[in-house]
>>> print(open('final.tsv').read())   # TSV, C-alpha atoms and all ligand atoms
chain	number	residue	atom	x	y	z
A	15	MET	CA	0.00	0.00	0.00
A	16	PRO	CA	1.44	3.36	-0.95
A	17	ASN	CA	1.65	5.94	1.84
A	18	TYR	CA	-0.05	8.68	-0.14
A	19	THR	CA	-3.33	9.43	-1.84
A	20	PHE	CA	-4.51	11.56	-4.75
A	21	ARG	CA	-8.12	11.78	-5.86
A	22	THR	CA	-10.04	14.23	-8.02
A	23	TYR	CA	-13.51	14.68	-9.46
A	24	ALA	CA	-15.60	17.35	-11.17
A	25	ALA	CA	-18.97	18.56	-9.91
A	26	ASN	CA	-21.09	21.74	-10.07
A	27	GLY	CA	-18.81	23.48	-12.55
A	28	ARG	CA	-15.71	22.99	-10.41
A	29	GLU	CA	-12.94	20.41	-10.08
A	30	TYR	CA	-11.89	19.13	-6.67
A	31	TYR	CA	-8.57	17.65	-5.59
A	32	THR	CA	-7.47	15.94	-2.38
A	33	TYR	CA	-3.91	14.74	-2.01
A	34	GLY	CA	-1.08	14.16	0.40
A	35	GLU	CA	0.84	11.62	2.45
A	36	THR	CA	-1.16	9.16	4.54
A	37	GLY	CA	1.45	7.80	6.97
A	38	SER	CA	0.79	7.94	10.72
A	39	ASP	CA	2.75	11.19	11.17
A	40	ALA	CA	1.53	12.76	7.93
A	41	LEU	CA	0.18	16.29	7.68
A	42	PRO	CA	-3.53	16.80	6.88
A	43	LEU	CA	-4.35	16.21	3.22
A	44	THR	CA	-4.30	19.20	0.86
A	45	LYS	CA	-7.68	20.16	-0.57
A	46	LYS	CA	-8.00	22.34	-3.62
A	47	ASP	CA	-10.74	23.34	-6.03
A	48	LEU	CA	-10.77	25.36	-9.23
A	49	PRO	CA	-13.27	26.31	-11.92
A	50	PHE	CA	-13.77	23.28	-14.18
A	51	SER	CA	-11.04	22.73	-16.84
A	52	VAL	CA	-8.61	25.28	-15.36
A	53	GLY	CA	-6.19	22.62	-14.00
A	54	LEU	CA	-6.01	20.99	-17.43
A	55	MET	CA	-5.62	24.23	-19.39
A	56	ARG	CA	-2.89	25.52	-17.04
A	57	MET	CA	-1.05	22.25	-17.64
A	58	LEU	CA	-1.46	22.47	-21.42
A	59	TYR	CA	0.11	25.94	-21.35
A	60	LEU	CA	2.68	25.31	-18.61
A	61	ASP	CA	6.10	26.60	-19.63
A	62	MET	CA	8.31	23.50	-19.53
A	63	HIS	CA	11.48	25.30	-20.65
A	64	PRO	CA	12.75	25.75	-17.07
A	65	PHE	CA	12.70	21.92	-16.79
A	66	LEU	CA	14.76	21.08	-19.87
A	67	GLY	CA	17.89	20.61	-17.76
A	68	MET	CA	16.11	18.62	-15.04
A	69	PRO	CA	16.38	15.11	-16.59
A	70	ALA	CA	20.20	15.20	-16.74
A	71	LYS	CA	20.47	16.52	-13.17
A	72	PHE	CA	17.95	14.01	-11.83
A	73	ASP	CA	19.76	11.20	-13.62
A	74	HIS	CA	23.08	12.36	-12.17
A	75	ALA	CA	21.70	12.46	-8.62
A	76	TRP	CA	20.15	8.99	-9.11
A	77	ARG	CA	23.52	7.52	-10.22
A	78	ASN	CA	25.27	9.09	-7.25
A	79	LEU	CA	22.62	7.70	-4.90
A	80	ILE	CA	22.93	4.16	-6.27
A	81	HIS	CA	26.75	4.24	-6.11
A	82	THR	CA	27.35	6.05	-2.83
A	83	ARG	CA	24.05	5.32	-0.95
A	84	GLU	CA	24.36	8.78	0.55
A	85	GLU	CA	21.15	10.48	1.69
A	86	GLN	CA	22.14	13.85	0.19
A	87	TYR	CA	21.47	12.53	-3.33
A	88	ALA	CA	17.97	11.40	-2.35
A	89	ASP	CA	17.42	14.94	-1.03
A	90	GLU	CA	18.66	16.38	-4.31
A	91	MET	CA	16.15	14.20	-6.19
A	92	ARG	CA	13.37	15.37	-3.84
A	93	GLY	CA	14.35	18.95	-4.68
A	94	TYR	CA	13.70	18.40	-8.40
A	95	LEU	CA	10.35	16.77	-7.61
A	96	ASP	CA	9.40	19.74	-5.43
A	97	GLU	CA	10.19	22.14	-8.27
A	98	LEU	CA	7.88	20.22	-10.61
A	99	ALA	CA	5.06	20.19	-8.04
A	100	GLN	CA	5.48	23.93	-7.47
A	101	ALA	CA	5.15	24.61	-11.20
A	102	HIS	CA	1.82	22.74	-11.37
A	103	PHE	CA	0.00	20.74	-8.71
A	104	PHE	CA	-0.70	17.89	-11.18
A	105	PHE	CA	2.96	16.98	-10.53
A	106	GLU	CA	2.06	16.37	-6.88
A	107	ILE	CA	1.19	12.84	-8.00
A	108	THR	CA	4.79	12.37	-9.21
A	109	ARG	CA	6.22	13.99	-6.10
A	110	LEU	CA	4.12	11.87	-3.72
A	111	GLU	CA	4.93	8.65	-5.58
A	112	TRP	CA	8.67	9.38	-5.55
A	113	TYR	CA	8.83	10.57	-1.95
A	114	ASP	CA	7.25	7.20	-1.11
A	115	ARG	CA	9.73	5.31	-3.31
A	116	LEU	CA	12.69	7.19	-1.83
A	117	GLN	CA	11.47	6.44	1.71
A	118	LEU	CA	11.28	2.73	0.90
A	119	ALA	CA	14.74	2.93	-0.67
A	120	ALA	CA	16.12	4.61	2.47
A	121	ASP	CA	14.54	1.84	4.62
A	122	ILE	CA	16.59	-0.77	2.74
A	123	GLY	CA	19.75	1.38	2.77
A	124	TYR	CA	19.61	2.11	-0.99
A	125	ALA	CA	20.69	-1.46	-1.81
A	126	ASP	CA	18.97	-4.68	-2.92
A	127	LYS	CA	17.34	-6.12	0.18
A	128	ASN	CA	14.29	-8.18	1.27
A	129	GLY	CA	13.81	-9.27	-2.34
A	130	ILE	CA	13.54	-5.64	-3.48
A	131	ASP	CA	15.69	-4.64	-6.46
A	132	ILE	CA	16.75	-1.02	-5.90
A	133	LEU	CA	16.77	-0.37	-9.67
A	134	ASP	CA	13.14	-1.53	-9.92
A	135	LEU	CA	12.22	0.58	-6.92
A	136	LEU	CA	13.66	3.76	-8.46
A	137	PRO	CA	12.80	3.70	-12.19
A	138	ARG	CA	14.39	7.08	-12.92
A	139	GLU	CA	13.29	7.24	-16.57
A	140	ARG	CA	9.71	7.74	-15.34
A	141	VAL	CA	10.83	11.13	-14.03
A	142	THR	CA	13.48	12.02	-16.60
A	143	HIS	CA	11.06	11.62	-19.52
A	144	ILE	CA	8.49	13.98	-17.96
A	145	PRO	CA	9.51	17.28	-19.65
A	146	SER	CA	9.51	15.79	-23.16
A	147	GLU	CA	6.31	13.85	-22.49
A	148	ILE	CA	4.53	16.98	-21.25
A	149	PHE	CA	5.69	18.96	-24.32
A	150	GLU	CA	4.18	16.26	-26.48
A	151	LEU	CA	0.90	16.04	-24.53
A	152	GLN	CA	0.56	19.84	-24.64
A	153	ARG	CA	0.99	19.84	-28.41
A	154	ARG	CA	-1.50	17.03	-28.98
A	155	GLY	CA	-4.05	18.25	-26.43
A	156	LEU	CA	-4.11	21.79	-27.87
A	157	ALA	CA	-4.32	20.46	-31.43
A	158	LEU	CA	-7.38	18.42	-30.44
A	159	ILE	CA	-9.03	21.45	-28.81
A	160	GLU	CA	-8.38	23.64	-31.84
A	161	ALA	CA	-9.59	21.06	-34.34
A	162	VAL	CA	-12.73	19.97	-32.49
A	163	MET	CA	-13.87	22.52	-29.93
A	164	ASP	CA	-13.58	25.94	-31.62
A	165	ILE	CA	-16.91	27.66	-30.76
A	166	ASP	CA	-16.68	30.15	-33.61
A	167	ARG	CA	-16.64	27.46	-36.29
A	168	LYS	CA	-20.19	26.42	-37.03
A	169	ASP	CA	-19.53	23.98	-39.88
A	170	GLU	CA	-19.89	20.50	-38.37
A	171	SER	CA	-21.29	18.84	-35.26
A	172	PHE	CA	-18.96	18.18	-32.36
A	173	GLN	CA	-18.92	14.42	-32.90
A	174	LYS	CA	-18.33	14.79	-36.64
A	175	ARG	CA	-15.33	17.04	-36.03
A	176	LEU	CA	-13.98	14.65	-33.40
A	177	VAL	CA	-14.32	11.62	-35.67
A	178	ASP	CA	-12.82	13.55	-38.62
A	179	TYR	CA	-9.89	14.67	-36.51
A	180	TYR	CA	-9.05	11.14	-35.43
A	181	THR	CA	-9.60	9.58	-38.88
A	182	ARG	CA	-7.57	12.29	-40.59
A	183	ASN	CA	-4.63	11.78	-38.25
A	184	ALA	CA	-4.96	8.02	-37.77
A	185	LYS	CA	-2.14	7.30	-40.23
A	186	GLU	CA	0.37	9.28	-38.22
A	187	ASP	CA	-0.90	8.30	-34.80
A	188	LEU	CA	2.08	9.93	-33.15
A	189	SER	CA	0.42	13.31	-33.52
A	190	ILE	CA	-2.98	12.61	-31.95
A	191	PHE	CA	-3.91	12.61	-28.30
A	192	THR	CA	-4.53	9.01	-27.26
A	193	PHE	CA	-7.05	8.42	-24.49
A	194	ARG	CA	-6.03	5.50	-22.30
A	195	PRO	CA	-7.73	3.47	-19.57
A	196	CYS	CA	-7.98	5.59	-16.42
A	197	PRO	CA	-8.23	4.40	-12.80
A	198	VAL	CA	-11.72	5.80	-12.22
A	199	SER	CA	-14.19	4.96	-9.49
A	200	TYR	CA	-17.82	6.06	-8.94
A	201	GLU	CA	-18.48	7.48	-5.52
A	202	LEU	CA	-20.85	9.40	-3.31
A	203	ILE	CA	-19.53	12.94	-2.86
A	204	ASP	CA	-20.20	14.65	0.49
A	205	GLY	CA	-23.34	12.53	0.92
A	206	LYS	CA	-25.03	14.58	-1.82
A	207	GLU	CA	-24.37	13.19	-5.27
A	208	PHE	CA	-22.40	10.62	-7.21
A	209	ALA	CA	-19.44	11.49	-9.39
A	210	GLU	CA	-16.66	9.73	-11.27
A	211	VAL	CA	-13.54	9.95	-9.11
A	212	LEU	CA	-10.08	9.62	-10.61
A	213	TYR	CA	-7.23	8.06	-8.64
A	214	PRO	CA	-4.36	9.08	-10.94
A	215	GLU	CA	-1.13	7.13	-11.08
A	216	THR	CA	0.62	9.59	-13.36
A	217	VAL	CA	0.27	13.12	-14.74
A	218	TYR	CA	-0.88	11.52	-18.00
A	219	ASP	CA	-3.95	10.18	-16.15
A	220	LEU	CA	-4.83	13.69	-14.95
A	221	ILE	CA	-4.49	15.28	-18.38
A	222	ASP	CA	-6.31	12.39	-20.06
A	223	TYR	CA	-9.17	12.43	-17.52
A	224	TYR	CA	-9.86	16.17	-17.71
A	225	LEU	CA	-9.46	16.41	-21.48
A	226	ARG	CA	-11.86	13.46	-21.76
A	227	GLN	CA	-14.36	15.20	-19.46
A	228	CYS	CA	-14.28	18.27	-21.73
A	229	VAL	CA	-14.77	16.13	-24.84
A	230	GLN	CA	-17.55	14.03	-23.29
A	231	ARG	CA	-19.40	17.23	-22.30
A	232	GLU	CA	-18.83	18.52	-25.85
A	233	LEU	CA	-17.45	21.76	-24.44
A	234	ARG	CA	-16.53	24.56	-26.80
A	235	ALA	CA	-13.37	26.62	-26.62
A	236	ARG	CA	-12.20	30.05	-27.76
A	237	GLU	CA	-8.88	31.88	-27.92
A	238	CYS	CA	-8.61	34.41	-25.10
A	239	LYS	CA	-8.67	38.02	-26.30
A	240	HIS	CA	-5.90	38.90	-23.88
A	241	CYS	CA	-3.37	36.03	-23.72
A	242	GLY	CA	-4.33	34.26	-26.96
A	243	HIS	CA	-4.62	30.86	-25.25
A	244	TRP	CA	-7.52	28.48	-25.82
A	245	PHE	CA	-9.95	28.23	-22.92
A	246	MET	CA	-13.10	26.18	-22.34
A	247	ILE	CA	-16.41	28.01	-22.49
A	248	THR	CA	-18.11	26.88	-19.30
A	249	THR	CA	-20.53	29.74	-18.67
A	250	ARG	CA	-21.51	32.46	-21.17
A	251	SER	CA	-20.95	31.53	-24.82
A	252	THR	CA	-19.88	35.13	-25.48
A	253	ALA	CA	-16.94	34.91	-23.02
A	254	GLU	CA	-13.84	36.56	-24.49
A	255	TYR	CA	-11.32	36.28	-21.66
A	256	CYS	CA	-9.94	33.18	-19.94
A	257	ASP	CA	-9.67	32.46	-16.24
A	258	VAL	CA	-6.63	30.25	-16.87
A	259	THR	CA	-3.67	32.58	-17.40
A	260	LEU	CA	-2.54	34.61	-14.40
A	261	ASP	CA	-0.50	37.82	-14.56
A	262	GLU	CA	2.31	38.62	-12.11
A	263	ARG	CA	-0.28	39.89	-9.60
A	264	GLY	CA	-2.30	36.67	-9.82
A	265	HIS	CA	-5.16	38.25	-11.81
A	266	THR	CA	-6.83	36.20	-14.52
A	267	CYS	CA	-7.41	37.62	-18.01
A	268	LYS	CA	-11.13	37.59	-17.18
A	269	GLU	CA	-10.53	39.87	-14.20
A	270	ARG	CA	-8.24	42.15	-16.22
A	271	GLY	CA	-10.69	42.08	-19.15
A	272	ALA	CA	-13.56	43.16	-16.88
A	273	ILE	CA	-11.49	46.11	-15.64
A	274	LYS	CA	-10.46	47.06	-19.17
A	275	LYS	CA	-14.07	46.91	-20.41
A	276	TRP	CA	-15.24	48.97	-17.49
A	277	THR	CA	-12.70	51.72	-18.15
A	278	GLU	CA	-13.49	51.63	-21.88
A	279	ARG	CA	-17.20	51.92	-21.17
A	280	LYS	CA	-16.61	54.65	-18.63
A	281	SER	CA	-14.58	56.74	-21.04
A	282	GLN	CA	-17.24	56.26	-23.75
A	283	ASP	CA	-19.81	57.45	-21.23
A	284	ASP	CA	-17.74	60.60	-20.66
A	285	VAL	CA	-17.65	61.27	-24.39
A	286	PHE	CA	-21.39	60.75	-24.63
A	287	LYS	CA	-22.07	63.06	-21.65
A	288	GLU	CA	-19.93	65.82	-23.13
A	289	TYR	CA	-21.71	65.48	-26.47
A	290	ARG	CA	-25.18	65.53	-24.88
A	291	ARG	CA	-24.36	68.59	-22.80
A	292	GLU	CA	-23.25	70.56	-25.82
A	293	TYR	CA	-26.19	69.23	-27.87
A	294	LYS	CA	-28.75	70.40	-25.28
A	295	ARG	CA	-27.08	73.76	-24.90
A	296	ARG	CA	-27.19	74.44	-28.64
A	297	PHE	CA	-30.72	73.07	-28.96
A	298	SER	CA	-31.83	75.70	-26.47
A	299	TRP	CA	-30.23	78.37	-28.70
A	300	ILE	CA	-32.81	77.61	-31.40
A	301	ARG	CA	-35.66	78.63	-29.14
A	302	ALA	CA	-33.73	81.63	-27.98
A	303	GLY	CA	-33.43	82.61	-31.65
A	304	ARG	CA	-29.65	82.65	-31.56
A	305	ILE	CA	-29.25	80.01	-34.29
A	306	SER	CA	-31.45	78.49	-37.00
A	307	GLU	CA	-32.76	74.95	-36.87
A	308	ALA	CA	-30.86	74.10	-40.06
A	309	TRP	CA	-27.62	75.35	-38.54
A	310	PHE	CA	-28.28	73.22	-35.46
A	311	TYR	CA	-28.91	70.00	-37.45
A	312	ASN	CA	-25.79	70.55	-39.51
A	313	TRP	CA	-23.87	71.00	-36.32
A	314	SER	CA	-25.33	67.88	-34.66
A	315	ALA	CA	-24.60	65.75	-37.72
A	316	GLU	CA	-20.98	66.86	-37.60
A	317	ALA	CA	-20.89	66.39	-33.81
A	318	ARG	CA	-21.98	62.76	-34.20
A	319	LYS	CA	-19.17	62.21	-36.71
A	320	GLN	CA	-16.65	63.71	-34.31
A	321	LYS	CA	-18.04	61.59	-31.47
A	322	ALA	CA	-17.63	58.41	-33.55
A	323	LYS	CA	-14.03	59.44	-34.28
A	324	CYS	CA	-13.45	59.87	-30.57
A	325	ASP	CA	-15.08	56.51	-29.71
A	326	SER	CA	-12.86	54.74	-32.21
A	327	GLY	CA	-9.77	56.51	-30.90
A	328	GLU	CA	-9.13	58.47	-34.11
A	329	ILE	CA	-9.14	61.68	-32.08
A	330	THR	CA	-8.57	62.08	-28.34
A	331	PHE	CA	-11.19	63.01	-25.76
A	332	GLU	CA	-9.44	66.39	-25.38
A	333	GLU	CA	-9.61	67.04	-29.12
A	334	PHE	CA	-13.30	66.12	-29.13
A	335	LYS	CA	-14.01	68.49	-26.24
A	336	GLU	CA	-12.08	71.21	-28.03
A	337	TRP	CA	-14.20	70.66	-31.16
A	338	LEU	CA	-17.45	70.75	-29.16
A	339	GLY	CA	-16.39	74.01	-27.50
A	340	ARG	CA	-16.03	75.82	-30.83
A	341	PRO	CA	-18.74	78.44	-31.41
B	1	ZN	ZN	-6.23	34.69	-21.18
>>> encode(input="final.tsv", output="structure tokens", more="lines below")
Ligand SMILES: [Zn+2]
Amino acid sequence: MPNYTFRTYAANGREYYTYGETGSDALPLTKKDLPFSVGLMRMLYLDMHPFLGMPAKFDHAWRNLIHTREEQYADEMRGYLDELAQAHFFFEITRLEWYDRLQLAADIGYADKNGIDILDLLPRERVTHIPSEIFELQRRGLALIEAVMDIDRKDESFQKRLVDYYTRNAKEDLSIFTFRPCPVSYELIDGKEFAEVLYPETVYDLIDYYLRQCVQRELRARECKHCGHWFMITTRSTAEYCDVTLDERGHTCKERGAIKKWTERKSQDDVFKEYRREYKRRFSWIRAGRISEAWFYNWSAEARKQKAKCDSGEITFEEFKEWLGRP
């Protein structure tokens, strides 16, 4: 029995995760929840470049551990696993598995003992191949989303696009995302409802499971107006900004987009107010006999043109005000 657990399920538009060590002196399990599909999309866009050098370093530490049996090399390996888990919590499954393996290895003094082969216990290639595997899964996952889920393409049904995508690419099956059997259970959640619960063994299981959930629900996706990344449409079909990408302050594009829209709308309101004020003032001049009606309607037609220029950014708000102020 491994001394750790990792389970996840989706319900009510969110995804829930529980994970951690389960030994007698273990800390409480970590619980986490996110809007549905965000964990997957963050993984598909995770920058793996910082991890390109990891496989060689991990391999080096592993060799040193096997040859010297010194604890410091196990610690070094744990350090690389921590870095992965910090980059994305899907890698917690890798970290937990390997912390468990390294503990077992320490218990037998990093040598073959009690019928355990140390090389079988620490299959390093399962960690060293991670960066290249993730690169590949990102490429295939995003290609699937683009080919099948694009909300702004109305040509074919979801299933037709999905079938076409797989038939088209069947010859070169290296380029398609392959769904595999997943360790899934069906459980009562919080005494309220049943849901499919995944007990992942690898990061592949997590990506596979959540991509599959999106496909099974026939979700649609769009490219975010701010970061340009694909995101799943889970609420309004007119959504333009994602809640996947975070800026340096931890704000999502959706949050930034809402602020941007608000300021845009506010400044358009200011333009409109200025225009209306001037319009009313001049309208009152007709009754006062200061100007003719014809003059007024010529002016208002021109004012609307200037306002449109200002709304589109062709002229500034200051220039518009200056124009309105002219006699
Ligand atoms: Zn975005």
>>> residues_around(input="final.tsv", residues="Asn17 (chain A)", least_positions_apart="2", cutoff="9 Å", atoms="all atoms listed in the file", output="ChimeraX atom specification")
/A:15,19,34-37,110-111,114
>>> residues_near_ligand(input="final.tsv", ligand="ligand ZN 1 (chain B)", cutoff="10 Å", atoms="only C-alpha atoms and all ligand atoms", output="VMD selection string")
chain A and resid 237 to 245 254 to 261 266 to 271
>>> write_last_selection(input="final.tsv", atoms="C-alpha atoms", output="PDB file, keeping the file's coordinate frame")
ATOM      1  CA  GLU A 237      -8.880  31.880 -27.920  1.00  0.00           C
ATOM      2  CA  CYS A 238      -8.610  34.410 -25.100  1.00  0.00           C
ATOM      3  CA  LYS A 239      -8.670  38.020 -26.300  1.00  0.00           C
ATOM      4  CA  HIS A 240      -5.900  38.900 -23.880  1.00  0.00           C
ATOM      5  CA  CYS A 241      -3.370  36.030 -23.720  1.00  0.00           C
ATOM      6  CA  GLY A 242      -4.330  34.260 -26.960  1.00  0.00           C
ATOM      7  CA  HIS A 243      -4.620  30.860 -25.250  1.00  0.00           C
ATOM      8  CA  TRP A 244      -7.520  28.480 -25.820  1.00  0.00           C
ATOM      9  CA  PHE A 245      -9.950  28.230 -22.920  1.00  0.00           C
ATOM     10  CA  GLU A 254     -13.840  36.560 -24.490  1.00  0.00           C
ATOM     11  CA  TYR A 255     -11.320  36.280 -21.660  1.00  0.00           C
ATOM     12  CA  CYS A 256      -9.940  33.180 -19.940  1.00  0.00           C
ATOM     13  CA  ASP A 257      -9.670  32.460 -16.240  1.00  0.00           C
ATOM     14  CA  VAL A 258      -6.630  30.250 -16.870  1.00  0.00           C
ATOM     15  CA  THR A 259      -3.670  32.580 -17.400  1.00  0.00           C
ATOM     16  CA  LEU A 260      -2.540  34.610 -14.400  1.00  0.00           C
ATOM     17  CA  ASP A 261      -0.500  37.820 -14.560  1.00  0.00           C
ATOM     18  CA  THR A 266      -6.830  36.200 -14.520  1.00  0.00           C
ATOM     19  CA  CYS A 267      -7.410  37.620 -18.010  1.00  0.00           C
ATOM     20  CA  LYS A 268     -11.130  37.590 -17.180  1.00  0.00           C
ATOM     21  CA  GLU A 269     -10.530  39.870 -14.200  1.00  0.00           C
ATOM     22  CA  ARG A 270      -8.240  42.150 -16.220  1.00  0.00           C
ATOM     23  CA  GLY A 271     -10.690  42.080 -19.150  1.00  0.00           C
TER      24      GLY A 271
END
>>> residues_around(input="final.tsv", residues="Ala25 (chain A)", least_positions_apart="5", cutoff="10 Å", atoms="all atoms listed in the file", output="PyMOL selection string")
chain A and resi 30+49-50+203+207-210
>>> residues_around(input="final.tsv", residues="Pro214 (chain A)", least_positions_apart="2", cutoff="9 Å", atoms="all atoms listed in the file", output="ChimeraX atom specification")
/A:20-22,107,196-198,212,216-220,223
>>> residues_around(input="final.tsv", residues="Pro64 (chain A)", least_positions_apart="6", cutoff="12 Å", atoms="only C-alpha atoms", output="PyMOL selection string")
chain A and resi 94+97-98+101+145
>>> residues_near_point(input="final.tsv", point="(18.6, 2.1, -0.8)", cutoff="12 Å", atoms="all atoms listed in the file", output="compact mmCIF listing (two decimals) with C-alpha atoms, in the coordinates of the input")
# COMPACT_ATOMS: atom_id res chain seq x y z
CA TRP A 76 20.15 8.99 -9.11
CA ARG A 77 23.52 7.52 -10.22
CA ASN A 78 25.27 9.09 -7.25
CA LEU A 79 22.62 7.70 -4.90
CA ILE A 80 22.93 4.16 -6.27
CA HIS A 81 26.75 4.24 -6.11
CA THR A 82 27.35 6.05 -2.83
CA ARG A 83 24.05 5.32 -0.95
CA GLU A 84 24.36 8.78 0.55
CA GLU A 85 21.15 10.48 1.69
CA TYR A 87 21.47 12.53 -3.33
CA ALA A 88 17.97 11.40 -2.35
CA ARG A 115 9.73 5.31 -3.31
CA LEU A 116 12.69 7.19 -1.83
CA GLN A 117 11.47 6.44 1.71
CA LEU A 118 11.28 2.73 0.90
CA ALA A 119 14.74 2.93 -0.67
CA ALA A 120 16.12 4.61 2.47
CA ASP A 121 14.54 1.84 4.62
CA ILE A 122 16.59 -0.77 2.74
CA GLY A 123 19.75 1.38 2.77
CA TYR A 124 19.61 2.11 -0.99
CA ALA A 125 20.69 -1.46 -1.81
CA ASP A 126 18.97 -4.68 -2.92
CA LYS A 127 17.34 -6.12 0.18
CA ASN A 128 14.29 -8.18 1.27
CA ILE A 130 13.54 -5.64 -3.48
CA ASP A 131 15.69 -4.64 -6.46
CA ILE A 132 16.75 -1.02 -5.90
CA LEU A 133 16.77 -0.37 -9.67
CA ASP A 134 13.14 -1.53 -9.92
CA LEU A 135 12.22 0.58 -6.92
CA LEU A 136 13.66 3.76 -8.46
>>> residues_around(input="final.tsv", residues="Lys335 (chain A)", least_positions_apart="4", cutoff="8 Å", atoms="all atoms listed in the file", output="PyMOL selection string")
chain A and resi 288+331+339
>>> closest_residue(input="final.tsv", among="A:Tyr18, A:Asn26, A:Gly264, A:Arg250", to="Ser38 (chain A)", atoms="only C-alpha atoms")
A:Tyr18
>>> closest_atom_pairs(input="final.tsv", of="region 164-212 of chain A", to="region 152-160 of chain A", cutoff="6 Å", atoms="only C-alpha atoms", output="CSV")
residue,atom,partner,partner_atom,distance
A:Asp164,CA,A:Glu160,CA,5.7
A:Ile190,CA,A:Arg154,CA,5.5
A:Phe191,CA,A:Arg154,CA,5.1
>>> write_last_selection(input="final.tsv", atoms="C-alpha atoms", output="PDB file, keeping the file's coordinate frame")
ATOM      1  CA  ASP A 164     -13.580  25.940 -31.620  1.00  0.00           C
ATOM      2  CA  ILE A 190      -2.980  12.610 -31.950  1.00  0.00           C
ATOM      3  CA  PHE A 191      -3.910  12.610 -28.300  1.00  0.00           C
TER       4      PHE A 191
END
>>> closest_residue(input="final.tsv", among="A:Gly205, A:Gly27, A:Pro137, A:Gly303", to="Cys228 (chain A)", atoms="only C-alpha atoms")
A:Gly27
>>> residues_near_point(input="final.tsv", point="(3.1, 19.6, -16.9)", cutoff="10 Å", atoms="all atoms listed in the file", output="VMD selection string")
chain A and resid 54 56 to 62 65 98 to 99 101 to 105 144 to 149 151 to 152 217 to 218 221
>>> closest_residue(input="final.tsv", among="A:Arg226, A:His143, A:Arg340, A:Lys323", to="Asp73 (chain A)", atoms="all atoms listed in the file")
A:His143
>>> closest_residue(input="final.tsv", among="A:Tyr289, A:Tyr224, A:Trp309, A:Tyr33", to="Lys45 (chain A)", atoms="only C-alpha atoms")
A:Tyr33
>>> closest_residue(input="final.tsv", among="A:Ser306, A:Thr181, A:Asp96, A:Leu338", to="Lys319 (chain A)", atoms="only C-alpha atoms")
A:Leu338
>>> closest_residue(input="final.tsv", among="A:Gln86, A:Gln100, A:Ser51, A:Ser171", to="Gln227 (chain A)", atoms="all atoms listed in the file")
A:Ser51
>>> axis_aligned_box(input="final.tsv", around="region 126-134 of chain A", padding_each_side="6 Å", output="AutoDock Vina command-line options")
--center_x 16.1 --center_y -4.8 --center_z -4.3 --size_x 17.8 --size_y 20.9 --size_z 23.2
>>> atom_distance(input="final.tsv", atom1="CA of Lys321 (chain A)", atom2="CA of Val285 (chain A)")
7.1 Å
>>> decode(input="final.tsv", residues="region 163-172 of chain A", atoms="N, CA, C and O atoms", output="mmCIF file, in the first residue's frame")
data_model
loop_
_atom_site.group_PDB
_atom_site.id
_atom_site.type_symbol
_atom_site.label_atom_id
_atom_site.label_comp_id
_atom_site.auth_asym_id
_atom_site.auth_seq_id
_atom_site.Cartn_x
_atom_site.Cartn_y
_atom_site.Cartn_z
ATOM 1 N N MET A 163 -13.031 21.790 -30.880
ATOM 2 C CA MET A 163 -13.866 22.520 -29.932
ATOM 3 C C MET A 163 -14.091 23.996 -30.250
ATOM 4 O O MET A 163 -14.852 24.655 -29.551
ATOM 5 N N ASP A 164 -13.469 24.526 -31.269
ATOM 6 C CA ASP A 164 -13.582 25.939 -31.619
ATOM 7 C C ASP A 164 -15.048 26.382 -31.731
ATOM 8 O O ASP A 164 -15.769 25.950 -32.632
ATOM 9 N N ILE A 165 -15.494 27.246 -30.828
ATOM 10 C CA ILE A 165 -16.909 27.661 -30.765
ATOM 11 C C ILE A 165 -17.309 28.541 -31.950
ATOM 12 O O ILE A 165 -18.478 28.605 -32.323
ATOM 13 N N ASP A 166 -16.342 29.208 -32.543
ATOM 14 C CA ASP A 166 -16.679 30.151 -33.610
ATOM 15 C C ASP A 166 -16.713 29.505 -34.997
ATOM 16 O O ASP A 166 -16.942 30.182 -35.989
ATOM 17 N N ARG A 167 -16.482 28.205 -35.037
ATOM 18 C CA ARG A 167 -16.641 27.463 -36.293
ATOM 19 C C ARG A 167 -17.957 26.728 -36.210
ATOM 20 O O ARG A 167 -18.186 25.956 -35.307
ATOM 21 N N LYS A 168 -18.851 26.993 -37.147
ATOM 22 C CA LYS A 168 -20.194 26.416 -37.026
ATOM 23 C C LYS A 168 -20.406 25.297 -38.047
ATOM 24 O O LYS A 168 -21.523 24.858 -38.249
ATOM 25 N N ASP A 169 -19.348 24.880 -38.739
ATOM 26 C CA ASP A 169 -19.535 23.980 -39.881
ATOM 27 C C ASP A 169 -20.113 22.603 -39.556
ATOM 28 O O ASP A 169 -21.089 22.187 -40.131
ATOM 29 N N GLU A 170 -19.498 21.891 -38.596
ATOM 30 C CA GLU A 170 -19.894 20.503 -38.373
ATOM 31 C C GLU A 170 -20.316 20.305 -36.927
ATOM 32 O O GLU A 170 -20.032 21.128 -36.077
ATOM 33 N N SER A 171 -20.947 19.164 -36.651
ATOM 34 C CA SER A 171 -21.286 18.836 -35.265
ATOM 35 C C SER A 171 -20.012 18.462 -34.512
ATOM 36 O O SER A 171 -18.988 18.136 -35.116
ATOM 37 N N PHE A 172 -20.107 18.503 -33.204
ATOM 38 C CA PHE A 172 -18.955 18.181 -32.361
ATOM 39 C C PHE A 172 -18.426 16.780 -32.668
ATOM 40 O O PHE A 172 -17.229 16.583 -32.906
#
